[in-house]
>>> print(open('coords-v6.cif').read())   # mmCIF, C-alpha atoms
data_upload
#
loop_
_atom_site.label_atom_id
_atom_site.label_comp_id
_atom_site.auth_asym_id
_atom_site.auth_seq_id
_atom_site.Cartn_x
_atom_site.Cartn_y
_atom_site.Cartn_z
CA MET V 1 144.86 115.84 189.25
CA VAL V 2 144.45 118.87 191.50
CA GLN V 3 143.74 122.08 189.66
CA ILE V 4 143.73 125.53 191.18
CA SER V 5 140.88 127.74 190.02
CA ASN V 6 142.50 129.77 187.26
CA GLN V 7 139.87 132.48 187.00
CA ASN V 8 141.78 135.77 186.81
CA LEU V 9 145.05 134.01 187.65
CA PRO V 10 148.25 134.89 185.80
CA ILE V 11 149.18 132.37 183.11
CA ILE V 12 152.47 131.57 184.88
CA ILE V 13 153.25 132.02 188.58
CA VAL V 14 156.79 131.44 189.84
CA ASP V 15 157.00 131.63 193.63
CA ASP V 16 160.30 131.47 195.57
CA VAL V 17 161.80 128.88 193.22
CA GLU V 18 165.26 127.52 194.08
CA PHE V 19 167.46 125.09 192.18
CA ASN V 20 171.00 123.91 192.88
CA TYR V 21 173.53 121.77 191.03
CA GLU V 22 175.56 119.70 193.50
CA LYS V 23 174.96 122.26 196.24
CA GLN V 24 175.94 125.14 193.95
CA PRO V 25 173.00 127.60 193.99
CA ILE V 26 171.78 128.47 190.48
CA LEU V 27 168.30 129.86 191.18
CA GLN V 28 167.60 131.59 194.49
CA LYS V 29 164.06 132.55 195.50
CA ILE V 30 162.95 133.41 191.96
CA SER V 31 159.47 134.97 191.86
CA PHE V 32 157.51 136.56 189.03
CA LYS V 33 154.16 136.36 187.24
CA LEU V 34 153.34 136.40 183.55
CA GLU V 35 149.91 137.67 182.55
CA GLU V 36 147.94 136.82 179.43
CA GLY V 37 149.07 138.91 176.47
CA GLU V 38 152.61 139.50 177.75
CA ARG V 39 155.75 139.07 175.66
CA VAL V 40 158.66 138.89 178.07
CA ALA V 41 162.45 138.75 177.67
CA LEU V 42 164.62 136.78 180.10
CA LEU V 43 168.01 138.48 180.02
CA GLY V 44 171.34 137.74 181.65
CA ARG V 45 174.97 136.93 181.00
CA THR V 46 176.11 133.43 180.01
CA GLY V 47 175.90 131.16 183.06
CA ALA V 48 173.31 133.29 184.83
CA GLY V 49 170.87 130.38 184.93
CA LYS V 50 168.44 131.34 182.16
CA SER V 51 168.29 127.87 180.60
CA THR V 52 167.94 126.28 184.04
CA LEU V 53 164.99 128.53 184.79
CA LEU V 54 163.34 127.68 181.47
CA ASN V 55 163.92 123.97 182.11
CA ASN V 56 162.18 124.38 185.46
CA LEU V 57 159.22 126.07 183.79
CA ILE V 58 158.63 123.13 181.46
CA GLY V 59 159.41 120.41 183.98
CA LEU V 60 162.66 119.12 182.49
CA LYS V 61 163.95 119.97 185.95
CA LEU V 62 161.69 120.46 188.94
CA PRO V 63 162.16 123.20 191.55
CA GLN V 64 163.88 122.02 194.70
CA GLN V 65 162.11 124.72 196.70
CA GLY V 66 159.15 126.94 195.91
CA GLU V 67 156.51 126.27 193.29
CA ILE V 68 155.48 127.00 189.72
CA ILE V 69 151.84 127.20 188.62
CA ILE V 70 151.00 127.03 184.91
CA GLU V 71 147.43 127.98 183.97
CA GLY V 72 146.17 126.94 187.38
CA LEU V 73 148.10 123.66 187.56
CA LYS V 74 150.96 123.17 190.00
CA LEU V 75 154.10 121.97 188.21
CA GLU V 76 154.73 118.50 189.61
CA ASN V 77 155.21 115.05 188.16
CA LYS V 78 151.55 114.05 188.13
CA ASN V 79 150.60 117.18 186.16
CA LEU V 80 153.49 117.29 183.68
CA LYS V 81 151.64 115.68 180.78
CA ASP V 82 148.75 118.15 181.00
CA ILE V 83 151.03 121.16 181.45
CA ARG V 84 153.31 120.28 178.56
CA LYS V 85 150.34 120.07 176.20
CA ASN V 86 149.97 123.82 176.63
CA ILE V 87 153.64 124.84 176.40
CA GLY V 88 155.68 125.07 173.22
CA PHE V 89 159.40 125.02 174.01
CA GLY V 90 162.20 125.81 171.58
CA PHE V 91 165.69 124.61 172.50
CA GLN V 92 168.80 126.68 171.76
CA ASN V 93 169.76 124.24 169.03
CA PRO V 94 166.83 123.52 166.69
CA GLU V 95 168.46 120.26 165.62
CA ASP V 96 167.61 118.89 169.07
CA GLN V 97 163.98 118.89 167.90
CA LEU V 98 164.46 117.78 164.27
CA PHE V 99 165.22 114.11 163.75
CA MET V 100 162.77 112.71 161.20
CA PRO V 101 163.74 111.88 157.59
CA THR V 102 161.90 114.96 156.23
CA ILE V 103 160.84 118.28 157.69
CA LEU V 104 157.20 117.48 156.87
CA GLU V 105 157.49 114.45 159.15
CA ASP V 106 159.20 116.60 161.81
CA VAL V 107 156.21 118.95 161.95
CA MET V 108 153.75 116.03 161.88
CA PHE V 109 155.54 114.12 164.64
CA GLY V 110 153.94 115.78 167.67
CA LEU V 111 150.49 115.73 166.12
CA LEU V 112 150.67 112.00 165.47
CA ASN V 113 151.78 111.45 169.07
CA TYR V 114 148.55 113.11 170.17
CA GLU V 115 146.61 110.71 167.94
CA ILE V 116 145.71 113.22 165.26
CA SER V 117 144.94 111.32 162.06
CA PRO V 118 147.78 111.17 159.51
CA THR V 119 145.65 113.03 156.96
CA GLU V 120 144.84 115.89 159.35
CA ALA V 121 148.42 116.01 160.67
CA LYS V 122 149.83 116.27 157.16
CA GLU V 123 147.36 118.99 156.21
CA LYS V 124 148.22 121.04 159.29
CA ALA V 125 151.97 120.54 158.87
CA ARG V 126 151.86 121.60 155.20
CA PHE V 127 149.82 124.69 156.15
CA LEU V 128 152.51 125.78 158.63
CA LEU V 129 155.39 125.03 156.27
CA ASP V 130 153.62 127.10 153.61
CA LYS V 131 153.10 129.95 156.10
CA PHE V 132 156.82 129.92 156.87
CA ASP V 133 157.73 129.74 153.16
CA LEU V 134 159.21 126.26 153.57
CA ILE V 135 156.69 124.14 151.67
CA LYS V 136 159.05 123.62 148.75
CA TYR V 137 161.44 121.84 151.14
CA GLU V 138 158.82 119.56 152.72
CA ASN V 139 160.49 116.36 151.52
CA ARG V 140 164.01 117.42 152.47
CA SER V 141 165.91 116.51 155.60
CA SER V 142 166.57 119.33 158.06
CA HIS V 143 170.29 118.71 157.48
CA GLU V 144 169.84 120.18 153.99
CA LEU V 145 168.47 123.49 155.31
CA SER V 146 170.08 126.68 156.52
CA GLY V 147 170.18 127.62 160.20
CA GLY V 148 167.29 130.02 159.77
CA GLN V 149 165.19 127.44 157.97
CA LYS V 150 165.86 124.87 160.69
CA ARG V 151 164.77 127.39 163.30
CA LEU V 152 161.48 127.96 161.47
CA VAL V 153 160.86 124.23 161.02
CA SER V 154 161.43 123.80 164.76
CA LEU V 155 158.97 126.61 165.47
CA ALA V 156 156.42 125.10 163.07
CA SER V 157 156.69 121.75 164.87
CA ILE V 158 155.96 123.54 168.15
CA LEU V 159 153.07 125.63 166.83
CA ALA V 160 151.43 122.62 165.20
CA LEU V 161 150.29 121.59 168.70
CA GLU V 162 148.65 125.01 169.26
CA PRO V 163 150.30 125.78 172.62
CA ASN V 164 148.95 128.55 174.86
CA ILE V 165 152.48 129.42 176.01
CA LEU V 166 155.62 129.76 173.91
CA ILE V 167 159.06 129.59 175.56
CA LEU V 168 162.18 130.04 173.43
CA ASP V 169 165.82 129.67 174.49
CA GLU V 170 168.20 131.89 172.46
CA PRO V 171 166.13 131.65 169.25
CA THR V 172 168.39 133.93 167.16
CA ASN V 173 171.60 131.97 167.75
CA GLY V 174 173.34 131.49 164.40
CA LEU V 175 170.79 133.47 162.38
CA ASP V 176 171.76 136.15 159.88
CA PRO V 177 169.83 139.48 159.90
CA SER V 178 167.26 138.44 157.29
CA TRP V 179 166.30 135.32 159.28
CA ARG V 180 166.23 137.26 162.55
CA LYS V 181 163.79 139.68 160.90
CA LYS V 182 161.66 136.82 159.53
CA LEU V 183 161.51 135.14 162.93
CA ALA V 184 160.51 138.39 164.64
CA GLU V 185 157.73 139.00 162.11
CA ILE V 186 156.30 135.53 162.72
CA LEU V 187 156.47 135.82 166.52
CA LEU V 188 154.64 139.15 166.46
CA THR V 189 151.66 137.57 164.68
CA LEU V 190 151.25 134.51 166.90
CA GLU V 191 148.04 134.05 168.86
CA VAL V 192 149.38 132.62 172.11
CA LYS V 193 148.69 133.72 175.66
CA VAL V 194 152.30 134.31 176.76
CA ILE V 195 155.70 134.41 175.08
CA LEU V 196 158.90 134.15 177.16
CA ILE V 197 162.22 134.45 175.32
CA ALA V 198 165.70 134.01 176.78
CA SER V 199 168.18 135.93 174.66
CA HIS V 200 171.40 137.95 174.53
CA ASP V 201 170.27 139.63 171.31
CA LEU V 202 169.14 142.96 172.75
CA ASN V 203 168.46 144.72 169.45
CA TRP V 204 166.21 141.86 168.37
CA ILE V 205 164.55 141.37 171.76
CA LYS V 206 163.39 144.99 171.95
CA LYS V 207 161.48 144.43 168.70
CA THR V 208 159.73 141.28 169.93
CA THR V 209 159.01 141.77 173.66
CA GLN V 210 157.83 144.52 175.99
CA ARG V 211 159.03 143.48 179.46
CA GLY V 212 162.46 142.44 180.67
CA LEU V 213 163.54 140.18 183.52
CA VAL V 214 167.26 140.39 184.26
CA LEU V 215 168.67 137.29 185.94
CA ASP V 216 172.00 137.62 187.76
CA GLN V 217 173.60 135.78 190.68
CA GLY V 218 170.63 133.45 190.81
CA LYS V 219 168.03 136.19 191.31
CA ILE V 220 165.74 138.38 189.25
CA GLN V 221 167.53 141.69 189.74
CA ILE V 222 165.37 143.81 187.44
CA ASP V 223 161.76 143.50 186.24
CA GLN V 224 160.87 146.48 184.05
CA PRO V 225 159.28 147.48 180.75
CA LEU V 226 162.00 147.27 178.11
CA SER V 227 161.33 150.86 177.12
CA GLU V 228 162.59 151.89 180.57
CA LEU V 229 165.28 149.23 180.94
CA PHE V 230 167.01 150.12 177.68
CA LYS V 231 167.48 153.71 178.85
CA GLN V 232 169.78 152.41 181.60
CA GLU V 233 172.85 151.47 179.58
CA LYS V 234 175.27 151.45 182.52
CA ILE V 235 173.04 149.16 184.56
CA LEU V 236 172.67 146.77 181.64
CA GLU V 237 176.42 146.75 181.11
CA ASN V 238 176.93 145.92 184.80
CA TYR V 239 174.82 142.80 184.23
CA GLY V 240 176.86 141.78 181.17
CA LEU V 241 174.35 143.18 178.68
CA PRO V 242 175.99 146.08 176.82
CA LEU V 243 173.72 147.60 174.20
CA ASP V 244 174.66 147.54 170.51
CA TRP V 245 177.17 144.69 170.83
#
>>> encode(input="coords-v6.cif", output="structure tokens")
Amino acid sequence: MVQISNQNLPIIIVDDVEFNYEKQPILQKISFKLEEGERVALLGRTGAGKSTLLNNLIGLKLPQQGEIIIEGLKLENKNLKDIRKNIGFGFQNPEDQLFMPTILEDVMFGLLNYEISPTEAKEKARFLLDKFDLIKYENRSSHELSGGQKRLVSLASILALEPNILILDEPTNGLDPSWRKKLAEILLTLEVKVILIASHDLNWIKKTTQRGLVLDQGKIQIDQPLSELFKQEKILENYGLPLDW
């Protein structure tokens, strides 16, 4: 395993990444860096390629050109196992990550795969479920929970592995305002190095992140602090991101 010295390196480096589906360009020379302590929003209209970019970052798809470096490791097949240990990824649909008979077992699942003892895994899973106010449902199936509760169980299953990087794809889909607020409050207290969130929910994203990357026509068109970006309503609307809708 070749590791690049990561002293003073950004946590994530994306350099000239390209990805096509059947010769249709989706990502074109994408470049950006994410530093430790950053909470970043990936914004763009439906079909802009946000999910494809996130899938490239976690190795579900690999760049066809360019490179991605995660905490000093180049993203390539031989390094995927080590890289994925440090990344927590939340799919758009939390049910894609919840498949065990009970939510307690869902949260324990990843820990047991990393050979944590059943006793320790259960203790850690119950701690997280209690933190998210879900402990009373520990023996229920995820199918018995609300959308917001499923989202939090999914997040608990990710955080159980103590990732350095958290990447979420449209985490507020299907959530009512009270669950959106609860999710934001939890994200703001997490001790991770970097958070990257793809979302259309602009009112929520401005409460949870500080920097915005706008993806359009396969390229990062804007990279700005959200405080500046959200003053430019016409520009946002041109990229399919009207405020307050």
>>> closest_residue(input="coords-v6.cif", among="V:Ser157, V:Asn203, V:Asn20, V:Thr46", to="V:Ala121", atoms="all atoms listed in the file")
V:Ser157
>>> resolve_selection(input="coords-v6.cif", expression="the PyMOL selection byres ((chain V and resi 109-116) around 10)", output="PyMOL selection string")
chain V and resi 85+98-100+103-108+117-122+124-125+157-162
>>> residues_around(input="coords-v6.cif", residues="V:Gly218", least_positions_apart="4", cutoff="7 Å", atoms="all atoms listed in the file", output="count of residues only")
5
>>> residues_around(input="coords-v6.cif", residues="V:Glu36", least_positions_apart="4", cutoff="9 Å", atoms="all atoms listed in the file", output="PyMOL selection string")
chain V and resi 10-12+192-194
>>> closest_residue(input="coords-v6.cif", among="V:Lys131, V:Gly212, V:Glu144, V:Asn238", to="V:Glu185", atoms="all atoms listed in the file")
V:Lys131
>>> atom_distance(input="coords-v6.cif", atom1="atom CA of V:Pro101", atom2="atom CA of V:Lys150")
13.5 Å
>>> closest_residue(input="coords-v6.cif", among="V:Val14, V:Leu43, V:Ile167, V:Leu152", to="V:Asp216", atoms="only C-alpha atoms")
V:Leu43
>>> residues_around(input="coords-v6.cif", residues="V:Ser146", least_positions_apart="4", cutoff="12 Å", atoms="only C-alpha atoms", output="ChimeraX atom specification")
/V:94-95,134,137,140-142,150-153,174-176,179
